[in-house]
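Let me begin by presenting the structure, written as structure tokens, before commenting on it.
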Amino acid sequence: MQEVGGNGTVSWIGEGSLVAVADQHPEQGSKTAHGLDGPIIFAAPQPKSGKYADDFQPMKPIQMVDLLGQYEKIKPEVDAAIAEVVRSTAFINGPEVKAFEKELAEFLGVKHVVACANGTDALQIAMMALGLKPGDEVITASFTFVATVEVLALLGLVPVFADVLPGTFNLDPADVARKVTPRTKAIVPVHLFGQPADMDAITAVAREYNLFVVEDNAQAIGANHSGANGTRKAGAIGDIGTTSFFPSKNLGCFGDGGALFTNDDELAKKVRMVCNHGSDVRYYHETVGVNSRLDSMQAAILRIKLRHLNAYAKARNAAAAVYDNAFADIAELSTPARSSFANHVFHQYTLKVAGGSEKRDALKKHLEANGVPAMVYYPVPCHLQNAYKSARFAAGSLPVTEQLTHEVLSLPMSTELDEQQLNHITATVKNYFK
Ligand SMILES: Cc1ncc(COP(=O)(O)O)c(C=O)c1O
């Protein structure tokens with residue numbers, strides 16, 4: 001393989017178009033091209049013959065998440081499971097859903113799993129099952145996907161934002177404690193980007209003030225948290241946990257899906273009732289509920305993918321280690337901090353770029369111009385979104401959160417990133433800082 005800009009491999013995108021060119025290919029005599037700026041392509045034909053022909057493999061286009069590549073590896077199992085659901089016609093509340101709930105409960109080490117339609121519903125159902133009432137305050141992060149805050153607003157609950165820690169992006173327990181008032185009823189830690197929040201410290205605040213803990217575990221399914229009660233799975237530590245099976249999640253289905261987890265028998269019963277129009281016995285409704293179901297097809301797919309979840313986390317960690325090593329010496333970049341009490345399952349690999357949003361956005365542009373997608377999760381914190389602005393949480397009220405929105409940049413992260421792609425991504429980043 002040829003070197004590119006000192007450290008990458010020669011990479012091809014699409015049909016015979018060269019992404020980055022070697023100093024001098026002995027047979028092609030291609031022009032030197034240091035730095036990966038500018039248009040992606042050099043019009044150099046892919047060698048079809050000669051002694052170097054076998055060295056040149058077209059690079060798979062890089063995506064933030066490679067869902068097709070992942071599916072192709074488990075295609076026979078998945079296709080057979082889908083065909084079986086179709087054959088059974090048990091599309092709703094079929095045995096696949098029950099089996100998936102049981103298997104996920106075993107995996108998480110939790111007594112009850114109740115599947116539902118998506119991760120946003122799961123959060124809403126959790127709040128309803130806990131009996132939270134309009135006006136009750138719920139402390140959560142502003143540096144998160146909006147779903148967490150949206151469901152609070154829909155139920156008339158009052159979102160109270162705590163700041164996050166600059167290293168892990170997770171809730172700062174000290175700020176959570178500062179935000180407690182007599183109206184506070186619950187804390188919602190979000191295990192952001194695949195790493196659990198500090199559940200011991202958050203649980204201590206909850207105990208002191210008698211608050212519920214609802215873990216939003218949409219991004220960290222399978223991660224472990226080692227705390228006062230031993231090592232437990234993220235989402236299975238608080239009173240109730242929720243997740244999303246959105247396709248790009250670490251455990252994703254082929255549509256929408258979600259689930260709730262709890263060790264509390266009574267709460268599990270209420271959750272099931274709320275999911276099912278507030279009903280336990282058909283056509284008798286005890287409480288106001290919603291219609292939120294995981295369908296059998298998704299459950300069948302999730303049962304297969306659950307068996308691979310630990311291997312998927314390993315693959316994500318391997319990609320993260322390549323990134324960590326490659327960027328260790330770049331002073332302008334901070335690689336993701338790891339907590340001592342948890343492991344990371346890298347739903348996202350998120351860098352911090354020093355120098356503010358201009359610098360960060362310029363790097364993003366450079367990456368995209370060279371065939372590397374990158375995303376800003378999240379460009380605007382919830383407390384500054386038009387829908388959720390309030391006088392209490394004006395600009396400047398959550399300094400770490402606000403700073404992060406100007407610095408973060410997530411690189412491609414999936415179970416399918418190969419060496420060639422990782423070389424191209426890291427070389428492209430490094431070239432930018434040369
Ligand atoms: C932290 C967080 N919470 C909740 C959700 C909502 O999940 P869903 O899209 O399945 O409704 C997501 C999904 O993106 C999320 O990332």
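By order in the structure tokens, chains are A, B, ...; within a chain, residues start at 1; ligands start at 1, following the order shown.
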At a cut-off of 8 Å, using only C-alpha atoms, what residues contact A:Leu171? Leave out same-chain residues fewer than 2 positions from it and give the result as a list in words.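 Skipping anything fewer than 2 positions along the chain leaves Thr140, Ala141, Ala162, Asp163, Val164, Leu165, Phe169, Pro173, Asp175, Val176, Pro189, Val190, Ala197 and Asp198 of chain A.
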Residues contacting ligand 1 - anything with an atom at most 7 Å away, using only C-alpha atoms and all ligand atoms - can you give me those as an MDAnalysis selection string? chainID A and resid 118:121 144:145 147:148 190 192 216:219 243:246 256:258
Keeping only N, CA and C atoms, write the selected residues to a file as a compact mmCIF listing (two decimals), in the first residue's frame.
```
# COMPACT_ATOMS: atom_id res chain seq x y z
N ASN A 118 -41.06 3.47 20.61
CA ASN A 118 -39.84 4.23 20.35
C ASN A 118 -39.29 4.77 21.68
N GLY A 119 -38.13 5.37 21.61
CA GLY A 119 -37.48 5.85 22.83
C GLY A 119 -38.13 7.08 23.43
N THR A 120 -38.77 7.87 22.60
CA THR A 120 -39.48 9.05 23.11
C THR A 120 -40.71 8.61 23.90
N ASP A 121 -41.47 7.68 23.33
CA ASP A 121 -42.61 7.11 24.06
C ASP A 121 -42.15 6.52 25.38
N THR A 144 -28.48 17.22 25.21
CA THR A 144 -29.05 15.91 24.89
C THR A 144 -29.93 16.05 23.66
N PHE A 145 -30.38 14.90 23.13
CA PHE A 145 -31.40 14.94 22.09
C PHE A 145 -32.70 15.44 22.72
N ALA A 147 -35.75 14.76 22.76
CA ALA A 147 -36.85 13.90 23.22
C ALA A 147 -37.02 13.95 24.73
N THR A 148 -35.90 13.96 25.43
CA THR A 148 -35.91 13.93 26.89
C THR A 148 -36.75 15.10 27.43
N VAL A 190 -28.96 11.27 31.29
CA VAL A 190 -28.88 10.74 29.92
C VAL A 190 -27.47 10.18 29.76
N LEU A 192 -24.92 9.83 27.76
CA LEU A 192 -24.69 10.39 26.43
C LEU A 192 -23.54 9.75 25.67
N ASP A 216 -32.24 7.73 30.92
CA ASP A 216 -32.43 7.74 29.46
C ASP A 216 -31.22 7.04 28.85
N ASN A 217 -31.44 5.78 28.51
CA ASN A 217 -30.33 4.94 28.05
C ASN A 217 -30.40 4.67 26.55
N ALA A 218 -30.96 5.64 25.82
CA ALA A 218 -31.09 5.46 24.37
C ALA A 218 -29.74 5.28 23.69
N GLN A 219 -28.65 5.80 24.30
CA GLN A 219 -27.36 5.80 23.61
C GLN A 219 -26.33 4.86 24.23
N THR A 243 -34.99 3.04 26.65
CA THR A 243 -34.06 3.04 25.51
C THR A 243 -34.82 3.20 24.21
N SER A 244 -34.03 3.41 23.16
CA SER A 244 -34.55 3.53 21.79
C SER A 244 -33.88 2.47 20.93
N PHE A 245 -34.65 1.88 20.03
CA PHE A 245 -34.07 0.96 19.05
C PHE A 245 -34.06 1.56 17.65
N PHE A 246 -34.00 2.88 17.59
CA PHE A 246 -33.85 3.58 16.30
C PHE A 246 -32.71 2.91 15.53
N ASP A 256 -38.85 1.77 13.94
CA ASP A 256 -38.85 2.39 15.27
C ASP A 256 -39.06 1.33 16.35
N GLY A 257 -38.52 1.59 17.51
CA GLY A 257 -38.74 0.70 18.65
C GLY A 257 -38.17 1.32 19.90
N GLY A 258 -38.63 0.84 21.05
CA GLY A 258 -38.12 1.34 22.32
C GLY A 258 -38.47 0.36 23.42
```
Contacts of stretch 73-89 of chain A at 9 Å (only C-alpha atoms; same-chain gap of 3+ positions) as a PyMOL selection string: chain A and resi 68-70+92+94+96+296-298+300-301+304-305
Selection from above, N, CA and C atoms, as a compact mmCIF listing (two decimals), in the first residue's frame, can you write it?
```txt
# COMPACT_ATOMS: atom_id res chain seq x y z
N LEU A 68 -26.08 -1.08 6.31
CA LEU A 68 -26.13 -2.15 5.31
C LEU A 68 -25.03 -3.18 5.56
N GLY A 69 -23.83 -2.68 5.82
CA GLY A 69 -22.70 -3.59 6.10
C GLY A 69 -23.00 -4.48 7.28
N GLN A 70 -23.63 -3.91 8.30
CA GLN A 70 -23.96 -4.70 9.49
C GLN A 70 -25.01 -5.76 9.16
N ILE A 92 -48.54 -8.30 15.89
CA ILE A 92 -48.61 -7.47 17.10
C ILE A 92 -48.73 -8.38 18.32
N GLY A 94 -46.99 -10.62 19.44
CA GLY A 94 -46.71 -12.04 19.17
C GLY A 94 -45.64 -12.58 20.11
N GLU A 96 -42.62 -13.30 19.53
CA GLU A 96 -41.29 -12.69 19.35
C GLU A 96 -41.09 -11.53 20.34
N SER A 296 -43.82 -7.27 16.06
CA SER A 296 -43.13 -8.57 16.13
C SER A 296 -41.92 -8.65 15.20
N MET A 297 -42.04 -8.00 14.04
CA MET A 297 -40.94 -8.03 13.08
C MET A 297 -39.69 -7.38 13.70
N GLN A 298 -39.90 -6.23 14.34
CA GLN A 298 -38.77 -5.54 14.96
C GLN A 298 -38.21 -6.39 16.11
N ALA A 300 -38.23 -9.59 16.38
CA ALA A 300 -37.49 -10.74 15.83
C ALA A 300 -36.09 -10.30 15.39
N ILE A 301 -36.00 -9.12 14.78
CA ILE A 301 -34.69 -8.59 14.35
C ILE A 301 -33.83 -8.27 15.57
N ILE A 304 -32.06 -11.15 17.28
CA ILE A 304 -30.81 -11.57 16.61
C ILE A 304 -29.69 -10.59 16.93
N LYS A 305 -30.00 -9.31 16.82
CA LYS A 305 -28.93 -8.32 17.02
C LYS A 305 -28.46 -8.28 18.48
```
Need to verify the contact set: A:Asp136, 9 Å, only C-alpha atoms, exclusion of same-chain residues closer than 3 positions in sequence. Can you return it as a ChimeraX atom specification? /A:132-133,156-159,183-186
Please write the residues from the selection above to a file, keeping N, CA and C atoms, as an mmCIF file, in the first residue's frame.
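Produced file out13.cif, reproduced below:
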```
data_model
loop_
_atom_site.group_PDB
_atom_site.id
_atom_site.type_symbol
_atom_site.label_atom_id
_atom_site.label_comp_id
_atom_site.auth_asym_id
_atom_site.auth_seq_id
_atom_site.Cartn_x
_atom_site.Cartn_y
_atom_site.Cartn_z
ATOM 1 N N LEU A 132 -46.124 11.267 37.787
ATOM 2 C CA LEU A 132 -45.726 12.670 37.886
ATOM 3 C C LEU A 132 -46.878 13.556 37.409
ATOM 4 N N LYS A 133 -47.011 14.702 38.061
ATOM 5 C CA LYS A 133 -48.163 15.584 37.811
ATOM 6 C C LYS A 133 -47.700 16.919 37.240
ATOM 7 N N GLY A 156 -46.718 18.558 30.897
ATOM 8 C CA GLY A 156 -46.880 19.704 31.809
ATOM 9 C C GLY A 156 -45.875 19.683 32.951
ATOM 10 N N LEU A 157 -44.861 18.842 32.837
ATOM 11 C CA LEU A 157 -43.796 18.820 33.846
ATOM 12 C C LEU A 157 -42.820 19.949 33.527
ATOM 13 N N VAL A 158 -42.047 20.331 34.510
ATOM 14 C CA VAL A 158 -41.149 21.477 34.310
ATOM 15 C C VAL A 158 -39.709 20.982 34.178
ATOM 16 N N PRO A 159 -39.129 21.121 32.969
ATOM 17 C CA PRO A 159 -37.731 20.725 32.835
ATOM 18 C C PRO A 159 -36.819 21.707 33.564
ATOM 19 N N ARG A 183 -40.225 21.279 44.712
ATOM 20 C CA ARG A 183 -41.118 20.745 43.662
ATOM 21 C C ARG A 183 -40.445 19.650 42.830
ATOM 22 N N THR A 184 -39.174 19.411 43.062
ATOM 23 C CA THR A 184 -38.463 18.406 42.249
ATOM 24 C C THR A 184 -38.989 17.008 42.568
ATOM 25 N N LYS A 185 -39.262 16.238 41.506
ATOM 26 C CA LYS A 185 -39.771 14.871 41.717
ATOM 27 C C LYS A 185 -38.860 13.806 41.105
ATOM 28 N N ALA A 186 -38.072 14.195 40.118
ATOM 29 C CA ALA A 186 -37.266 13.158 39.448
ATOM 30 C C ALA A 186 -36.004 13.759 38.828
#
```
Which of these, A:Leu154, A:Ala299, A:Met199, A:Ala319, has the shortest distance to A:Glu419 once you count only C-alpha atoms? A:Ala319
Sel. of alpha helix (DSSP H) residues, stretch 227-335 of chain A, as an NGL selection string: :A and (265-275 or 296-307 or 309-327)
Skipping near chain neighbours, those fewer than 6 positions away, what residues fall within 9 Å of A:Glu402 using only C-alpha atoms, listed as a ChimeraX atom specification? /A:143,380-381,395-396
Write out, as a PDB file, in the first residue's frame, the residues just selected, with N, CA and C atoms.
```pdb
ATOM      1  N   PHE A 143     -27.862  19.293  27.346  1.00  0.00           N
ATOM      2  CA  PHE A 143     -26.985  18.789  26.283  1.00  0.00           C
ATOM      3  C   PHE A 143     -27.395  17.352  25.972  1.00  0.00           C
ATOM      4  N   VAL A 380     -27.375  23.088  19.190  1.00  0.00           N
ATOM      5  CA  VAL A 380     -28.114  24.023  20.062  1.00  0.00           C
ATOM      6  C   VAL A 380     -28.618  23.237  21.270  1.00  0.00           C
ATOM      7  N   PRO A 381     -28.274  23.668  22.475  1.00  0.00           N
ATOM      8  CA  PRO A 381     -28.755  22.920  23.648  1.00  0.00           C
ATOM      9  C   PRO A 381     -30.260  23.123  23.820  1.00  0.00           C
ATOM     10  N   ALA A 395     -29.369  32.336  27.909  1.00  0.00           N
ATOM     11  CA  ALA A 395     -28.000  32.081  27.428  1.00  0.00           C
ATOM     12  C   ALA A 395     -27.012  32.435  28.538  1.00  0.00           C
ATOM     13  N   GLY A 396     -26.056  31.564  28.768  1.00  0.00           N
ATOM     14  CA  GLY A 396     -25.053  31.788  29.813  1.00  0.00           C
ATOM     15  C   GLY A 396     -25.361  31.028  31.099  1.00  0.00           C
TER      16      GLY A 396
END
```
Within 12 Å of stretch 247-253 of chain A, which residues of stretch 327-375 of chain A show up? Give each one with its shortest atom-to-atom distance in Å (one decimal) and the two atoms involved, counting only C-alpha atoms, rows by chain then rising residue number, as CSV.
```
residue,atom,partner,partner_atom,distance
A:His344,CA,A:Asn250,CA,11.6
A:Val345,CA,A:Asn250,CA,8.0
A:Phe346,CA,A:Asn250,CA,8.3
A:His347,CA,A:Asn250,CA,6.0
A:Gln348,CA,A:Asn250,CA,9.5
```
Just N, CA and C atoms for this one: save the residues we selected as a PDB file, in the first residue's frame.
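out_17.pdb was written with the following content:
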```pdb
ATOM      1  N   HIS A 344     -17.403   2.397  27.992  1.00  0.00           N
ATOM      2  CA  HIS A 344     -17.992   3.225  26.931  1.00  0.00           C
ATOM      3  C   HIS A 344     -18.403   2.284  25.806  1.00  0.00           C
ATOM      4  N   VAL A 345     -19.576   2.461  25.248  1.00  0.00           N
ATOM      5  CA  VAL A 345     -19.945   1.631  24.094  1.00  0.00           C
ATOM      6  C   VAL A 345     -20.003   2.463  22.805  1.00  0.00           C
ATOM      7  N   PHE A 346     -19.510   3.685  22.882  1.00  0.00           N
ATOM      8  CA  PHE A 346     -19.294   4.520  21.698  1.00  0.00           C
ATOM      9  C   PHE A 346     -20.457   4.533  20.715  1.00  0.00           C
ATOM     10  N   HIS A 347     -21.591   4.963  21.210  1.00  0.00           N
ATOM     11  CA  HIS A 347     -22.660   5.295  20.257  1.00  0.00           C
ATOM     12  C   HIS A 347     -22.138   6.386  19.317  1.00  0.00           C
ATOM     13  N   GLN A 348     -21.422   7.333  19.891  1.00  0.00           N
ATOM     14  CA  GLN A 348     -20.725   8.345  19.094  1.00  0.00           C
ATOM     15  C   GLN A 348     -19.291   8.439  19.590  1.00  0.00           C
TER      16      GLN A 348
END
```
Run DSSP on the backbone of this structure and report the residues of stretch 152-346 of chain A it assigns to strand (DSSP E), as number ranges by chain. A: 158-162, 184-188, 212-216, 224-227, 230-233, 240-244, 258-262, 279-281, 284-285, 333-334
